[in-house]
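Undergrad: Before I ask anything, here is the structure I am working with.
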Amino acid sequence: QVQLVESGGGLVQAGGSLRLSCVASRYIFNDDIIYWYREAPWKEREWVTSVTGVHTNYSDSVKGRFTVSRDDAKNTVYLQMNNLKAEDTAVYYCKIRTWSGYDYWGQGTQVTVSS
């Protein structure tokens with residue numbers, strides 16, 4: 001089992017930046033996949049970005065504004081969010097799909113962007 005803890009959310013004005021962190025309870029292997037999702041009020045949870053090894057993918061809605069990175073020494077994956085928009089307001093979750101095929105979610109962190 002893997003525990004994930006997100007942090008870094010908060011209230012920011014449109015155009016501002018935040019960096020979210022997702023700390024895992026064990027080393028993140030290259031074959032693990034780390035995802036960031038978000039869930040806005042009254043909307044379904046949507047995929048934002050993912051990273052496995054050195055490979056990253058982004059949804060069209062955040063491409064060019066968000067950057068995912070990892071610090072293996074700290075068992076941490078970051079989500080740098082720049083040029084935030086009101087529509088980025090959501091609870092952000094990280095998820096790990098382990099190399100053995102199991103999924104684990106964090107508890108989420110709230111991001112609110114004021115326009």
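Each chain in the structure tokens gets a letter, A, B and so on, in the order shown; residues start at 1 in every chain, and ligands are counted from 1 in the order they appear.
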Give me the stretch 22-88 of chain A side of the contact with stretch 101-113 of chain A, cut-off 9 Å, one line per residue showing its nearest atom pair and distance in Å at one decimal, counting only C-alpha atoms, sorted by chain and residue number, as JSON lines.
TA:
{"residue": "A:Cys22", "atom": "CA", "partner": "A:Gly106", "partner_atom": "CA", "distance": 7.9}
{"residue": "A:Asp32", "atom": "CA", "partner": "A:Gly101", "partner_atom": "CA", "distance": 8.7}
{"residue": "A:Arg38", "atom": "CA", "partner": "A:Gly108", "partner_atom": "CA", "distance": 8.5}
{"residue": "A:Leu84", "atom": "CA", "partner": "A:Val113", "partner_atom": "CA", "distance": 6.8}
{"residue": "A:Lys85", "atom": "CA", "partner": "A:Val113", "partner_atom": "CA", "distance": 6.2}
{"residue": "A:Ala86", "atom": "CA", "partner": "A:Val113", "partner_atom": "CA", "distance": 4.9}
{"residue": "A:Glu87", "atom": "CA", "partner": "A:Val113", "partner_atom": "CA", "distance": 7.7}
{"residue": "A:Asp88", "atom": "CA", "partner": "A:Val113", "partner_atom": "CA", "distance": 6.8}
Undergrad: Hey, can you spit out that residue selection with N, CA and C atoms as a PDB file, in the first residue's frame?
TA:
ATOM      1  N   CYS A  22       3.044  16.291  -3.949  1.00  0.00           N
ATOM      2  CA  CYS A  22       2.443  14.993  -3.658  1.00  0.00           C
ATOM      3  C   CYS A  22       3.575  14.107  -3.127  1.00  0.00           C
ATOM      4  N   ASP A  32       6.334   3.276 -11.933  1.00  0.00           N
ATOM      5  CA  ASP A  32       5.104   3.837 -11.358  1.00  0.00           C
ATOM      6  C   ASP A  32       4.636   4.985 -12.243  1.00  0.00           C
ATOM      7  N   ARG A  38      -8.165  16.699 -11.107  1.00  0.00           N
ATOM      8  CA  ARG A  38      -8.864  17.750 -10.379  1.00  0.00           C
ATOM      9  C   ARG A  38     -10.355  17.548 -10.495  1.00  0.00           C
ATOM     10  N   LEU A  84      -2.656  30.974 -13.637  1.00  0.00           N
ATOM     11  CA  LEU A  84      -3.884  30.310 -13.211  1.00  0.00           C
ATOM     12  C   LEU A  84      -5.116  31.100 -13.621  1.00  0.00           C
ATOM     13  N   LYS A  85      -6.152  30.346 -13.931  1.00  0.00           N
ATOM     14  CA  LYS A  85      -7.425  30.923 -14.358  1.00  0.00           C
ATOM     15  C   LYS A  85      -8.521  30.494 -13.392  1.00  0.00           C
ATOM     16  N   ALA A  86      -9.620  31.221 -13.412  1.00  0.00           N
ATOM     17  CA  ALA A  86     -10.734  30.888 -12.525  1.00  0.00           C
ATOM     18  C   ALA A  86     -11.200  29.455 -12.749  1.00  0.00           C
ATOM     19  N   GLU A  87     -11.132  29.004 -13.980  1.00  0.00           N
ATOM     20  CA  GLU A  87     -11.598  27.645 -14.298  1.00  0.00           C
ATOM     21  C   GLU A  87     -10.653  26.550 -13.801  1.00  0.00           C
ATOM     22  N   ASP A  88      -9.514  26.949 -13.248  1.00  0.00           N
ATOM     23  CA  ASP A  88      -8.612  25.971 -12.632  1.00  0.00           C
ATOM     24  C   ASP A  88      -9.027  25.665 -11.196  1.00  0.00           C
TER      25      ASP A  88
END
Undergrad: Give me the residues within 12 Å of A:Asn83 as a list in words, counting only C-alpha atoms and dropping any in the same chain fewer than 5 places off.
TA: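 In the requested form, the answer reads Val12, Gln13, Ala14, Gly15, Gly16, Ser17, Leu18, Arg19, Ser61, Val62, Lys63, Gly64, Arg65, Phe66, Thr67, Asp88, Val113 and Ser115 of chain A.
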Undergrad: Between atom CA of A:Leu79 and atom CA of A:Arg45, what is the distance, to one decimal in Å?
TA: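 We find that atom CA of A:Leu79 and atom CA of A:Arg45 lie 16.9 Å from each other.
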Undergrad: Would you list the contacts of A:Trp47 as a PyMOL selection string, taking every protein, DNA or RNA residue within 8 Å and counting only C-alpha atoms, but skipping same-chain residues closer than 3 positions in sequence?
TA: chain A and resi 35-38+59
Undergrad: Determine, counting only C-alpha atoms, which protein, DNA and RNA residues have an atom within 6 Å of an atom of A:Val23; residues of the same chain fewer than 5 positions away are not included. Present the result as JSON, numbers by chain.
TA: {"A": [4, 5, 75, 76]}
Undergrad: One decimal, in Å: what's the spacing between atom CA of A:Leu11 and atom CA of A:Ser114?
TA: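 If I compute the distance from atom CA of A:Leu11 to atom CA of A:Ser114, I get 7.3 Å.
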Undergrad: Can you list, as a PyMOL selection string, all residues belonging to stretch 22-110 of chain A that DSSP tags as strand (DSSP E or B)?
TA: chain A and resi 22-24+33-39+46-52+55-58+66-71+76-81+90-97+103-105+109-110
Undergrad: When DSSP is applied to the backbone of this structure, which of chain A are assigned helix (DSSP H, G or I)? Write them out as a ChimeraX atom specification.
TA: /A:72-74,86-88
Undergrad: Could you check which of A:Glu46, A:Asp72, A:Asp60, A:Glu6 is closest to A:Arg26, using only C-alpha atoms?
TA: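 Once distances to A:Arg26 are computed over only C-alpha atoms, the minimum belongs to A:Asp72.
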Undergrad: To one decimal in Å, tell me the separation between atom CA of A:Ser50 and atom CA of A:Tyr27.
TA: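 Calculated distance between atom CA of A:Ser50 and atom CA of A:Tyr27 is 17.0 Å.
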